[in-house]
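Undergrad: One file: protein.cif (mmCIF, C-alpha atoms and all ligand atoms).
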data_target
#
loop_
_atom_site.label_atom_id
_atom_site.label_comp_id
_atom_site.auth_asym_id
_atom_site.auth_seq_id
_atom_site.Cartn_x
_atom_site.Cartn_y
_atom_site.Cartn_z
CA MET A 1 30.81 4.62 -10.66
CA ILE A 2 28.54 6.97 -8.69
CA LEU A 3 27.07 5.76 -5.38
CA ILE A 4 23.52 7.02 -4.80
CA THR A 5 22.29 6.39 -1.25
CA GLY A 6 18.51 6.27 -0.93
CA GLY A 7 18.18 5.69 -4.67
CA ALA A 8 14.96 3.70 -4.16
CA GLY A 9 13.22 6.76 -2.70
CA TYR A 10 11.38 9.65 -4.30
CA ILE A 11 14.13 12.17 -5.13
CA GLY A 12 16.84 9.50 -5.24
CA SER A 13 15.12 7.43 -7.95
CA HIS A 14 14.64 10.47 -10.22
CA THR A 15 18.29 11.35 -9.73
CA VAL A 16 19.35 7.80 -10.67
CA LEU A 17 17.47 8.20 -13.97
CA ASN A 18 19.04 11.61 -14.57
CA PHE A 19 22.56 10.25 -14.01
CA ILE A 20 22.22 7.13 -16.14
CA GLU A 21 20.66 9.14 -18.96
CA ALA A 22 23.76 11.36 -18.81
CA GLY A 23 25.93 8.24 -19.24
CA TYR A 24 27.02 7.57 -15.64
CA GLU A 25 27.03 4.11 -14.09
CA VAL A 26 25.30 4.06 -10.73
CA VAL A 27 25.12 1.82 -7.67
CA ILE A 28 22.28 2.33 -5.21
CA ILE A 29 22.39 1.50 -1.52
CA ASP A 30 18.97 1.57 0.16
CA ASN A 31 17.54 -0.29 3.15
CA LEU A 32 14.08 -0.29 1.50
CA GLU A 33 12.46 0.98 4.68
CA THR A 34 10.82 3.93 2.93
CA GLY A 35 12.11 3.20 -0.57
CA HIS A 36 10.45 0.44 -2.64
CA ILE A 37 11.72 -2.74 -4.28
CA GLU A 38 9.36 -2.04 -7.22
CA THR A 39 11.27 1.22 -7.80
CA VAL A 40 14.58 -0.67 -7.72
CA ASN A 41 13.22 -3.22 -10.19
CA THR A 42 12.17 -0.43 -12.55
CA LEU A 43 15.62 1.16 -12.32
CA LYS A 44 17.44 -2.18 -12.67
CA GLN A 45 15.96 -2.57 -16.15
CA TYR A 46 18.84 -0.26 -17.07
CA ARG A 47 22.16 -2.09 -17.28
CA LYS A 48 23.95 0.90 -15.80
CA VAL A 49 22.12 0.55 -12.45
CA HIS A 50 23.34 -1.75 -9.66
CA PHE A 51 21.70 -2.26 -6.29
CA ILE A 52 22.82 -3.33 -2.84
CA LYS A 53 20.33 -3.60 -0.02
CA GLY A 54 21.99 -2.04 2.97
CA ASP A 55 21.64 0.34 5.86
CA LEU A 56 23.98 3.26 6.53
CA LYS A 57 23.70 2.58 10.26
CA ASN A 58 25.73 -0.60 9.60
CA ILE A 59 29.18 0.40 8.45
CA GLU A 60 29.72 -3.19 7.13
CA ASP A 61 26.87 -2.64 4.64
CA ILE A 62 28.56 0.49 3.32
CA GLU A 63 31.96 -1.23 3.11
CA LYS A 64 30.36 -3.99 1.05
CA VAL A 65 29.56 -1.40 -1.64
CA PHE A 66 32.99 0.22 -1.56
CA ASN A 67 34.68 -3.19 -1.71
CA LYS A 68 32.65 -4.33 -4.68
CA TYR A 69 32.65 -1.13 -6.77
CA LYS A 70 35.22 1.57 -7.52
CA ILE A 71 33.26 4.61 -6.33
CA ASP A 72 34.22 8.03 -7.75
CA ALA A 73 31.67 10.18 -5.91
CA VAL A 74 28.60 9.88 -3.68
CA ILE A 75 25.15 11.47 -3.99
CA HIS A 76 23.60 11.12 -0.56
CA PHE A 77 19.81 11.04 -0.08
CA ALA A 78 19.18 8.23 2.41
CA ALA A 79 17.37 9.87 5.34
CA TYR A 80 14.09 10.19 7.19
CA SER A 81 12.37 13.44 6.23
CA LEU A 82 9.14 13.97 8.15
CA VAL A 83 9.21 17.04 10.33
CA GLY A 84 6.35 15.97 12.66
CA GLU A 85 7.75 12.47 13.17
CA SER A 86 11.16 13.92 14.03
CA VAL A 87 9.64 15.89 16.90
CA GLU A 88 8.09 12.71 18.35
CA HIS A 89 11.06 10.41 17.66
CA PRO A 90 14.24 12.52 17.63
CA ALA A 91 16.57 9.57 18.28
CA LYS A 92 15.39 7.93 15.06
CA TYR A 93 16.43 11.04 13.12
CA TYR A 94 19.82 11.58 14.76
CA ARG A 95 20.68 7.87 14.49
CA ASN A 96 19.72 7.52 10.86
CA ASN A 97 20.38 10.95 9.35
CA THR A 98 23.40 12.02 11.39
CA PHE A 99 25.08 8.84 12.62
CA GLY A 100 24.34 7.01 9.34
CA THR A 101 26.01 9.83 7.41
CA LEU A 102 29.02 9.73 9.73
CA ASN A 103 29.46 6.04 8.82
CA LEU A 104 29.21 6.94 5.15
CA LEU A 105 31.78 9.74 5.40
CA ASP A 106 34.22 7.59 7.39
CA THR A 107 33.98 4.85 4.77
CA MET A 108 34.56 7.40 2.01
CA ILE A 109 37.73 8.61 3.74
CA LYS A 110 38.88 5.01 4.26
CA TYR A 111 38.47 4.28 0.54
CA ASN A 112 39.85 7.67 -0.51
CA VAL A 113 36.60 8.91 -2.07
CA LYS A 114 36.52 12.66 -1.53
CA LYS A 115 33.43 14.01 -3.31
CA ILE A 116 29.86 14.08 -2.05
CA VAL A 117 26.63 15.90 -2.95
CA PHE A 118 24.37 16.06 0.07
CA SER A 119 20.61 16.37 0.24
CA SER A 120 20.11 19.13 2.78
CA THR A 121 16.96 21.15 3.33
CA CYS A 122 15.48 24.58 3.87
CA ALA A 123 14.34 23.15 7.22
CA THR A 124 17.89 23.97 8.43
CA TYR A 125 16.92 27.68 8.34
CA GLY A 126 14.06 27.45 10.84
CA GLU A 127 11.60 30.35 11.14
CA PRO A 128 12.31 32.72 8.25
CA LYS A 129 13.70 36.10 9.32
CA TYR A 130 13.15 37.32 5.74
CA THR A 131 11.98 35.96 2.39
CA PRO A 132 13.11 34.96 -0.14
CA ILE A 133 15.59 32.91 1.87
CA ASP A 134 19.17 32.99 0.59
CA GLU A 135 22.11 30.83 1.67
CA ASN A 136 23.26 33.47 4.20
CA HIS A 137 20.00 33.31 6.13
CA PRO A 138 20.73 32.26 9.75
CA GLN A 139 20.41 28.50 10.32
CA LYS A 140 18.31 27.90 13.43
CA PRO A 141 16.30 24.73 12.76
CA ILE A 142 13.22 24.30 14.93
CA ASN A 143 12.84 20.51 14.69
CA PRO A 144 15.11 17.43 14.97
CA TYR A 145 14.83 16.76 11.23
CA GLY A 146 16.34 20.16 10.37
CA LYS A 147 18.89 19.80 13.17
CA SER A 148 19.96 16.32 12.03
CA LYS A 149 20.66 17.74 8.54
CA LEU A 150 22.42 20.86 9.83
CA MET A 151 24.71 18.68 11.95
CA VAL A 152 25.71 16.83 8.79
CA GLU A 153 26.46 20.12 7.03
CA LYS A 154 28.77 21.06 9.94
CA ILE A 155 30.42 17.63 10.00
CA MET A 156 31.11 17.96 6.28
CA GLU A 157 32.84 21.32 6.84
CA ASP A 158 35.08 19.69 9.47
CA TYR A 159 35.81 16.70 7.22
CA ASP A 160 36.87 19.12 4.49
CA SER A 161 39.35 20.85 6.86
CA ALA A 162 40.64 17.60 8.34
CA TYR A 163 40.58 15.17 5.39
CA GLY A 164 39.97 17.26 2.26
CA LEU A 165 36.51 15.78 1.70
CA LYS A 166 34.71 18.12 -0.70
CA SER A 167 30.94 18.46 -0.38
CA ILE A 168 28.11 20.30 -2.07
CA LYS A 169 25.17 20.86 0.20
CA LEU A 170 21.90 21.36 -1.70
CA ARG A 171 19.22 22.91 0.50
CA TYR A 172 15.98 22.13 -1.22
CA PHE A 173 12.57 23.60 -0.71
CA ASN A 174 9.37 21.60 -1.39
CA VAL A 175 9.62 18.96 -4.10
CA ALA A 176 6.83 18.05 -6.53
CA GLY A 177 6.01 16.07 -9.67
CA ALA A 178 7.15 12.79 -11.21
CA ASP A 179 9.30 11.47 -14.04
CA ASN A 180 7.78 12.64 -17.36
CA LYS A 181 7.75 9.03 -18.61
CA VAL A 182 6.12 8.05 -15.27
CA ARG A 183 8.65 5.30 -14.60
CA VAL A 184 8.96 6.48 -10.99
CA GLY A 185 7.18 9.01 -8.77
CA GLU A 186 6.38 10.06 -5.22
CA TRP A 187 5.45 7.08 -3.04
CA HIS A 188 5.33 7.58 0.71
CA GLU A 189 3.36 5.43 3.13
CA PRO A 190 1.60 7.13 4.76
CA GLU A 191 1.53 10.10 2.40
CA THR A 192 1.71 13.44 4.19
CA HIS A 193 2.58 15.80 1.33
CA LEU A 194 0.27 18.36 -0.20
CA ILE A 195 0.04 17.56 -3.91
CA PRO A 196 -0.24 13.75 -3.68
CA ASN A 197 -2.85 14.16 -0.95
CA ILE A 198 -4.98 16.46 -3.10
CA LEU A 199 -4.68 14.03 -6.03
CA LYS A 200 -5.46 10.97 -3.91
CA SER A 201 -8.74 12.62 -2.89
CA THR A 202 -9.88 12.23 -6.48
CA PHE A 203 -9.37 8.41 -6.38
CA GLU A 204 -10.23 7.46 -2.86
CA LYS A 205 -13.93 8.09 -2.32
CA GLU A 206 -13.76 8.40 1.47
CA LYS A 207 -10.74 10.75 1.45
CA ILE A 208 -11.52 14.42 1.90
CA PHE A 209 -8.55 16.70 1.34
CA LYS A 210 -7.81 18.85 4.39
CA ILE A 211 -6.33 22.34 4.22
CA PHE A 212 -4.29 22.69 7.41
CA GLY A 213 -5.21 26.20 8.52
CA ASN A 214 -6.63 29.19 6.62
CA ASP A 215 -5.81 31.84 9.21
CA TYR A 216 -2.10 32.38 8.45
CA ASP A 217 -0.77 35.84 7.78
CA THR A 218 -0.74 35.36 3.99
CA PRO A 219 -2.97 36.87 1.26
CA ASP A 220 -5.44 33.92 1.24
CA GLY A 221 -4.72 32.69 4.79
CA THR A 222 -3.04 29.42 3.72
CA CYS A 223 0.68 28.55 3.90
CA ILE A 224 3.02 29.49 1.07
CA ARG A 225 5.77 27.13 -0.16
CA ASP A 226 8.20 26.94 -3.05
CA TYR A 227 7.52 23.78 -5.11
CA VAL A 228 10.50 22.70 -7.19
CA ASN A 229 10.01 20.00 -9.82
CA VAL A 230 11.69 16.70 -8.97
CA GLU A 231 13.33 16.35 -12.42
CA ASP A 232 14.73 19.88 -12.16
CA LEU A 233 16.00 18.98 -8.70
CA ALA A 234 17.63 15.78 -10.02
CA GLN A 235 19.41 17.89 -12.63
CA ALA A 236 20.77 20.14 -9.84
CA HIS A 237 22.58 17.10 -8.40
CA LYS A 238 24.28 16.36 -11.69
CA LEU A 239 25.35 19.99 -12.11
CA ALA A 240 26.60 20.00 -8.51
CA LEU A 241 28.78 16.95 -9.16
CA GLU A 242 30.14 18.48 -12.38
CA TYR A 243 30.97 21.66 -10.43
CA LEU A 244 32.71 19.57 -7.77
CA ASN A 245 34.73 17.68 -10.39
CA LYS A 246 35.73 20.96 -12.02
CA THR A 247 36.53 23.12 -8.97
CA ASN A 248 37.23 20.63 -6.17
CA THR A 249 35.70 23.11 -3.70
CA SER A 250 32.93 22.67 -1.15
CA ASN A 251 29.87 24.88 -1.47
CA VAL A 252 26.19 25.24 -0.58
CA PHE A 253 23.20 26.11 -2.77
CA ASN A 254 19.48 26.67 -2.30
CA ILE A 255 17.36 24.82 -4.82
CA GLY A 256 13.92 26.35 -5.28
CA THR A 257 11.90 28.17 -7.93
CA GLU A 258 11.84 31.55 -6.14
CA LYS A 259 8.04 31.49 -6.47
CA GLY A 260 5.66 30.97 -3.60
CA ASP A 261 2.37 29.11 -4.04
CA SER A 262 -0.27 28.96 -1.32
CA VAL A 263 -2.03 25.71 -0.40
CA LYS A 264 -5.21 27.18 -1.85
CA ASN A 265 -3.43 28.11 -5.09
CA ILE A 266 -2.17 24.56 -5.48
CA PHE A 267 -5.60 23.14 -4.72
CA ASP A 268 -7.27 25.41 -7.32
CA THR A 269 -4.62 24.54 -9.92
CA CYS A 270 -5.21 20.81 -9.32
CA LYS A 271 -8.96 21.31 -9.78
CA GLU A 272 -8.36 23.25 -12.99
CA ILE A 273 -5.98 20.63 -14.41
CA LEU A 274 -8.18 17.69 -13.47
CA GLY A 275 -11.37 19.49 -14.48
CA LYS A 276 -13.24 18.13 -11.50
CA GLU A 277 -14.40 19.08 -8.04
CA ILE A 278 -12.24 17.70 -5.21
CA PRO A 279 -13.75 17.17 -1.75
CA VAL A 280 -12.10 19.60 0.67
CA GLU A 281 -12.44 20.90 4.20
CA ILE A 282 -10.60 23.38 6.38
CA ALA A 283 -8.83 21.72 9.31
CA GLU A 284 -6.70 22.88 12.24
CA ARG A 285 -3.20 24.17 11.62
CA ARG A 286 -0.58 21.40 11.52
CA ALA A 287 2.04 21.66 14.27
CA GLY A 288 5.41 22.92 13.05
CA ASP A 289 4.21 24.58 9.82
CA THR A 290 5.64 28.03 9.11
CA SER A 291 3.53 30.48 7.11
CA ILE A 292 5.89 31.37 4.25
CA LEU A 293 8.96 29.63 2.79
CA TYR A 294 10.45 30.36 -0.57
CA ALA A 295 13.94 30.43 -1.96
CA ASP A 296 16.40 32.83 -3.37
CA SER A 297 18.26 30.41 -5.64
CA LYS A 298 20.29 32.89 -7.67
CA LYS A 299 23.52 31.37 -6.43
CA ALA A 300 22.67 27.98 -8.01
CA GLN A 301 21.50 29.72 -11.15
CA THR A 302 24.72 31.74 -11.47
CA ILE A 303 27.36 29.28 -10.31
CA LEU A 304 25.86 25.88 -11.23
CA ASN A 305 23.99 27.22 -14.23
CA TRP A 306 20.89 25.48 -12.85
CA LYS A 307 17.43 26.65 -13.89
CA PRO A 308 13.99 25.58 -12.73
CA ILE A 309 12.46 24.70 -16.10
CA ARG A 310 9.22 22.94 -15.24
CA THR A 311 6.23 24.88 -13.88
CA ILE A 312 3.95 23.92 -11.02
CA LYS A 313 1.38 22.86 -13.64
CA ASP A 314 3.95 20.51 -15.20
CA SER A 315 4.57 19.03 -11.75
CA ILE A 316 0.87 18.53 -11.04
CA HIS A 317 0.36 16.92 -14.48
CA SER A 318 3.17 14.40 -14.01
CA ALA A 319 2.20 13.76 -10.37
CA TYR A 320 -1.35 12.97 -11.49
CA GLU A 321 -0.16 10.52 -14.17
CA TRP A 322 1.98 8.81 -11.52
CA GLU A 323 -0.85 8.72 -8.94
CA LYS A 324 -3.03 6.84 -11.45
CA ILE A 325 -0.32 4.20 -11.86
CA LEU A 326 0.31 3.98 -8.13
CA TYR A 327 -3.38 3.64 -7.36
CA LYS A 328 -3.67 0.69 -9.76
CA ARG A 329 -0.50 -0.87 -8.35
CA LEU A 330 -1.64 -0.60 -4.75
CA ASN A 331 -5.14 -1.81 -5.51
CA ASN A 332 -4.08 -4.64 -7.86
CA LYS A 333 -6.16 -3.23 -10.70
N1 LIG A 401 -0.85 20.62 3.65
C1 LIG A 401 -2.22 20.64 3.74
N2 LIG A 401 -2.89 19.46 3.65
C2 LIG A 401 -2.25 18.25 3.48
C3 LIG A 401 -0.84 18.24 3.39
C4 LIG A 401 -0.17 19.45 3.48
O1 LIG A 401 -2.86 21.70 3.91
O2 LIG A 401 -2.92 17.19 3.42
C5 LIG A 401 -0.11 21.89 3.72
C6 LIG A 401 0.86 21.94 4.89
O3 LIG A 401 0.21 22.35 6.08
C7 LIG A 401 1.91 22.94 4.38
C8 LIG A 401 1.91 22.70 2.87
O4 LIG A 401 0.70 22.03 2.57
O5 LIG A 401 1.46 24.24 4.62
C9 LIG A 401 3.08 21.84 2.41
O6 LIG A 401 3.11 20.66 3.22
P1 LIG A 401 3.94 19.34 2.81
O7 LIG A 401 3.63 18.30 3.85
O8 LIG A 401 3.68 18.99 1.40
O9 LIG A 401 5.46 19.80 2.90
P2 LIG A 401 6.27 20.45 4.13
O10 LIG A 401 6.48 21.90 3.76
O11 LIG A 401 5.66 20.19 5.45
O12 LIG A 401 7.63 19.63 4.14
C10 LIG A 401 8.35 19.29 2.98
C11 LIG A 401 9.24 18.07 3.28
C12 LIG A 401 10.30 18.42 4.31
C13 LIG A 401 11.05 19.66 3.88
C14 LIG A 401 10.08 20.79 3.58
C15 LIG A 401 10.80 22.00 3.06
O13 LIG A 401 8.46 16.99 3.76
O14 LIG A 401 11.19 17.33 4.42
O15 LIG A 401 9.15 20.38 2.60
O16 LIG A 401 9.88 23.10 3.02
F1 LIG A 401 11.90 20.06 4.87
#
Step by step, read the file and then write its structure as structure tokens.
TA:
Amino acid sequence: MILITGGAGYIGSHTVLNFIEAGYEVVIIDNLETGHIETVNTLKQYRKVHFIKGDLKNIEDIEKVFNKYKIDAVIHFAAYSLVGESVEHPAKYYRNNTFGTLNLLDTMIKYNVKKIVFSSTCATYGEPKYTPIDENHPQKPINPYGKSKLMVEKIMEDYDSAYGLKSIKLRYFNVAGADNKVRVGEWHEPETHLIPNILKSTFEKEKIFKIFGNDYDTPDGTCIRDYVNVEDLAQAHKLALEYLNKTNTSNVFNIGTEKGDSVKNIFDTCKEILGKEIPVEIAERRAGDTSILYADSKKAQTILNWKPIRTIKDSIHSAYEWEKILYKRLNNK
């Protein structure tokens, strides 16, 4: 049995589907604060999926899972992930992301479970010193979100030395798209991310999509990011676990497409795919945004045999199909 923390969330739910389709049995723990019960209900239609509502900040909740199920390995997503919010409320991030993970790791040691795949982030690198960013790039996070994740990476290294806990840290770049059968998709409230915000502007009459800054030092003046498809990312978790089972060694991998797309590029591609005009305006820069982030992910490609298969157009297509479903769901249509 594989424990997936945060399995009711965006990346977690896609990873649950990936694992059960590969034949694994999965138990989810999620406090449903940012994850959704509707997502759990969709996943629970599969007999191989179990769910326990619980919070990693309460060690008793975690023990409940380990008492009830024989866990072989953990895939750990449960975390807050908004950079801006982490600057305003750092305690929330350290308590949930760092302290919550410490509870999880201690319970794993107690129950002799020694394998974990951890959802880390390119936000642990901070301001890029060079691009593309490889795993050896210095880690100097500039916000509490990135710091809370980097602390966990360091704790995992120490737990390997002290207790033999083996971990794979996946540092992902920006994530996009939805399940190709649109069973699950990206659902944040409020939504802050680029692609869903562009798409929502086509449904919600009063919503004008805002480009946060067009005076960056990039070819078109807007920020460049590396958008990896969520199903490709889910697959990286399965390959990481297989690698861990095979080698029993800790490691770290960037997960990105190695391609940078500007905000304007993404906006134009959405317009092209949807075949309609989307209301847009240029707004102030958003605090904390860096101009260019994209990955060197050769290590994952060589060692894990992972490949980004789906294009940015694939991601926008599936995200749009999902947004239509979500809009109906939220508006009772
Ligand atoms: N953007 C807009 N308008 C919007 C939303 C976003 O112009 O309405 C711009 C942002 O300014 C940024 C780019 O689109 O330049 C991407 O922004 P997102 O909010 O989609 O994603 P972020 O890069 O800010 O952050 C995401 C995750 C983090 C993770 C990071 C890794 O939320 O958890 O990717 O790069 F660390």
Undergrad: Given the choices A:Gly35, A:Gly146, A:Gly275, A:Pro90, which gets closest to ligand LIG 401 (chain A) if the distance is worked out from all atoms listed in the file?
TA: A:Gly146
Undergrad: Output the neighbourhood of ligand LIG 401 (chain A) as a PyMOL selection string, that is, all protein and nucleic acid residues with some atom at most 9 Å from the ligand, counting only C-alpha atoms and all ligand atoms.
TA: chain A and resi 80-84+120-124+145-146+171-176+191-198+209-214+222-227+262-264+266+282-283+285-294
Undergrad: Would you output that residue set with C-alpha atoms, as a PDB file, keeping the file's coordinate frame?
TA:
ATOM      1  CA  TYR A  80      14.090  10.190   7.190  1.00  0.00           C
ATOM      2  CA  SER A  81      12.370  13.440   6.230  1.00  0.00           C
ATOM      3  CA  LEU A  82       9.140  13.970   8.150  1.00  0.00           C
ATOM      4  CA  VAL A  83       9.210  17.040  10.330  1.00  0.00           C
ATOM      5  CA  GLY A  84       6.350  15.970  12.660  1.00  0.00           C
ATOM      6  CA  SER A 120      20.110  19.130   2.780  1.00  0.00           C
ATOM      7  CA  THR A 121      16.960  21.150   3.330  1.00  0.00           C
ATOM      8  CA  CYS A 122      15.480  24.580   3.870  1.00  0.00           C
ATOM      9  CA  ALA A 123      14.340  23.150   7.220  1.00  0.00           C
ATOM     10  CA  THR A 124      17.890  23.970   8.430  1.00  0.00           C
ATOM     11  CA  TYR A 145      14.830  16.760  11.230  1.00  0.00           C
ATOM     12  CA  GLY A 146      16.340  20.160  10.370  1.00  0.00           C
ATOM     13  CA  ARG A 171      19.220  22.910   0.500  1.00  0.00           C
ATOM     14  CA  TYR A 172      15.980  22.130  -1.220  1.00  0.00           C
ATOM     15  CA  PHE A 173      12.570  23.600  -0.710  1.00  0.00           C
ATOM     16  CA  ASN A 174       9.370  21.600  -1.390  1.00  0.00           C
ATOM     17  CA  VAL A 175       9.620  18.960  -4.100  1.00  0.00           C
ATOM     18  CA  ALA A 176       6.830  18.050  -6.530  1.00  0.00           C
ATOM     19  CA  GLU A 191       1.530  10.100   2.400  1.00  0.00           C
ATOM     20  CA  THR A 192       1.710  13.440   4.190  1.00  0.00           C
ATOM     21  CA  HIS A 193       2.580  15.800   1.330  1.00  0.00           C
ATOM     22  CA  LEU A 194       0.270  18.360  -0.200  1.00  0.00           C
ATOM     23  CA  ILE A 195       0.040  17.560  -3.910  1.00  0.00           C
ATOM     24  CA  PRO A 196      -0.240  13.750  -3.680  1.00  0.00           C
ATOM     25  CA  ASN A 197      -2.850  14.160  -0.950  1.00  0.00           C
ATOM     26  CA  ILE A 198      -4.980  16.460  -3.100  1.00  0.00           C
ATOM     27  CA  PHE A 209      -8.550  16.700   1.340  1.00  0.00           C
ATOM     28  CA  LYS A 210      -7.810  18.850   4.390  1.00  0.00           C
ATOM     29  CA  ILE A 211      -6.330  22.340   4.220  1.00  0.00           C
ATOM     30  CA  PHE A 212      -4.290  22.690   7.410  1.00  0.00           C
ATOM     31  CA  GLY A 213      -5.210  26.200   8.520  1.00  0.00           C
ATOM     32  CA  ASN A 214      -6.630  29.190   6.620  1.00  0.00           C
ATOM     33  CA  THR A 222      -3.040  29.420   3.720  1.00  0.00           C
ATOM     34  CA  CYS A 223       0.680  28.550   3.900  1.00  0.00           C
ATOM     35  CA  ILE A 224       3.020  29.490   1.070  1.00  0.00           C
ATOM     36  CA  ARG A 225       5.770  27.130  -0.160  1.00  0.00           C
ATOM     37  CA  ASP A 226       8.200  26.940  -3.050  1.00  0.00           C
ATOM     38  CA  TYR A 227       7.520  23.780  -5.110  1.00  0.00           C
ATOM     39  CA  SER A 262      -0.270  28.960  -1.320  1.00  0.00           C
ATOM     40  CA  VAL A 263      -2.030  25.710  -0.400  1.00  0.00           C
ATOM     41  CA  LYS A 264      -5.210  27.180  -1.850  1.00  0.00           C
ATOM     42  CA  ILE A 266      -2.170  24.560  -5.480  1.00  0.00           C
ATOM     43  CA  ILE A 282     -10.600  23.380   6.380  1.00  0.00           C
ATOM     44  CA  ALA A 283      -8.830  21.720   9.310  1.00  0.00           C
ATOM     45  CA  ARG A 285      -3.200  24.170  11.620  1.00  0.00           C
ATOM     46  CA  ARG A 286      -0.580  21.400  11.520  1.00  0.00           C
ATOM     47  CA  ALA A 287       2.040  21.660  14.270  1.00  0.00           C
ATOM     48  CA  GLY A 288       5.410  22.920  13.050  1.00  0.00           C
ATOM     49  CA  ASP A 289       4.210  24.580   9.820  1.00  0.00           C
ATOM     50  CA  THR A 290       5.640  28.030   9.110  1.00  0.00           C
ATOM     51  CA  SER A 291       3.530  30.480   7.110  1.00  0.00           C
ATOM     52  CA  ILE A 292       5.890  31.370   4.250  1.00  0.00           C
ATOM     53  CA  LEU A 293       8.960  29.630   2.790  1.00  0.00           C
ATOM     54  CA  TYR A 294      10.450  30.360  -0.570  1.00  0.00           C
TER      55      TYR A 294
END
Undergrad: Can you tell me, as a VMD selection string, what residues are no more than 7 Å from Ala319 in chain A when counting all atoms listed in the file, ignoring any on the same chain fewer than 4 positions away?
TA: chain A and resid 177 to 178 315 323
Undergrad: With only C-alpha atoms as the atoms that count, which of A:Val230, A:Asn143, A:Ser250, A:Ala300 lies nearest to Gly185 in chain A?
TA: A:Val230
Undergrad: Excluding Thr98 in chain A and its own-chain neighbours fewer than 5 positions away, which residues fall within 8 Å of it when counting only C-alpha atoms? Please give them as a list in words.
TA: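 What passes the distance filter is Tyr93, Ser148, Lys149, Met151 and Val152 of chain A.
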Undergrad: Just how far from CA of Tyr130 in chain A is CA of Ile142 in chain A, in Å to one decimal?
TA: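 Value for the CA of Ile142 in chain A-CA of Tyr130 in chain A distance: 15.9 Å.
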Undergrad: So, with all atoms listed in the file as the atoms that count, which of A:Arg329, A:His36, A:Arg95, A:Lys110 lies closest to Lys57 in chain A?
TA: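 Closest to Lys57 in chain A, using all atoms listed in the file: A:Arg95.
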Undergrad: One decimal, Å: what's the distance from CA of Ser161 in chain A over to CA of Asn248 in chain A, could you say?
TA: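 Between these atoms lies a distance of 13.2 Å.
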Undergrad: May I have the protein, DNA and RNA residues with any atom at most 10 Å from the point (7.7, 0.5, -6.7), counting all atoms listed in the file, written as number ranges by chain?
TA: A: 8-9, 35-43, 183-187, 326, 329-330
Undergrad: Can you spit out the residues from that selection as a PDB file, keeping the file's coordinate frame, using C-alpha atoms?
TA:
ATOM      1  CA  ALA A   8      14.960   3.700  -4.160  1.00  0.00           C
ATOM      2  CA  GLY A   9      13.220   6.760  -2.700  1.00  0.00           C
ATOM      3  CA  GLY A  35      12.110   3.200  -0.570  1.00  0.00           C
ATOM      4  CA  HIS A  36      10.450   0.440  -2.640  1.00  0.00           C
ATOM      5  CA  ILE A  37      11.720  -2.740  -4.280  1.00  0.00           C
ATOM      6  CA  GLU A  38       9.360  -2.040  -7.220  1.00  0.00           C
ATOM      7  CA  THR A  39      11.270   1.220  -7.800  1.00  0.00           C
ATOM      8  CA  VAL A  40      14.580  -0.670  -7.720  1.00  0.00           C
ATOM      9  CA  ASN A  41      13.220  -3.220 -10.190  1.00  0.00           C
ATOM     10  CA  THR A  42      12.170  -0.430 -12.550  1.00  0.00           C
ATOM     11  CA  LEU A  43      15.620   1.160 -12.320  1.00  0.00           C
ATOM     12  CA  ARG A 183       8.650   5.300 -14.600  1.00  0.00           C
ATOM     13  CA  VAL A 184       8.960   6.480 -10.990  1.00  0.00           C
ATOM     14  CA  GLY A 185       7.180   9.010  -8.770  1.00  0.00           C
ATOM     15  CA  GLU A 186       6.380  10.060  -5.220  1.00  0.00           C
ATOM     16  CA  TRP A 187       5.450   7.080  -3.040  1.00  0.00           C
ATOM     17  CA  LEU A 326       0.310   3.980  -8.130  1.00  0.00           C
ATOM     18  CA  ARG A 329      -0.500  -0.870  -8.350  1.00  0.00           C
ATOM     19  CA  LEU A 330      -1.640  -0.600  -4.750  1.00  0.00           C
TER      20      LEU A 330
END
Undergrad: At what distance in Å, to one decimal, does CA of Ser297 in chain A lie from CA of Asp134 in chain A?
TA: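 Value for the CA of Asp134 in chain A-CA of Ser297 in chain A distance: 6.8 Å.
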Undergrad: Please tabulate, as CSV, the residues of range 103-166 of chain A that come within 10 Å of range 65-73 of chain A, each with its closest pair of atoms and the distance in Å to one decimal, counting all atoms listed in the file and ordering rows by chain, then residue number upward.
TA:
residue,atom,partner,partner_atom,distance
A:Thr107,CA,A:Phe66,CA,7.9
A:Met108,CA,A:Phe66,CA,8.2
A:Lys110,CA,A:Phe66,CA,9.6
A:Tyr111,CA,A:Phe66,CA,7.1
A:Asn112,CA,A:Asp72,CA,9.2
A:Val113,CA,A:Asp72,CA,6.2
A:Lys114,CA,A:Ala73,CA,7.0
A:Lys115,CA,A:Ala73,CA,5.0
A:Ile116,CA,A:Ala73,CA,5.8
A:Val117,CA,A:Ala73,CA,8.2
A:Lys166,CA,A:Ala73,CA,10.0
Undergrad: Taking only C-alpha atoms into account, name the residue in A:Val280, A:Ile62, A:Ile155, A:Val27 that is nearest to Thr15 in chain A.
TA: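 Counting only C-alpha atoms, the residue closest to Thr15 in chain A is A:Val27.
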Undergrad: Please identify all polymer residues within 9 Å of Gly100 in chain A, counting all atoms listed in the file, omitting same-chain residues fewer than 4 positions from it, and present them as a ChimeraX atom specification.
TA: /A:55-59,78-79,94-96,104-105
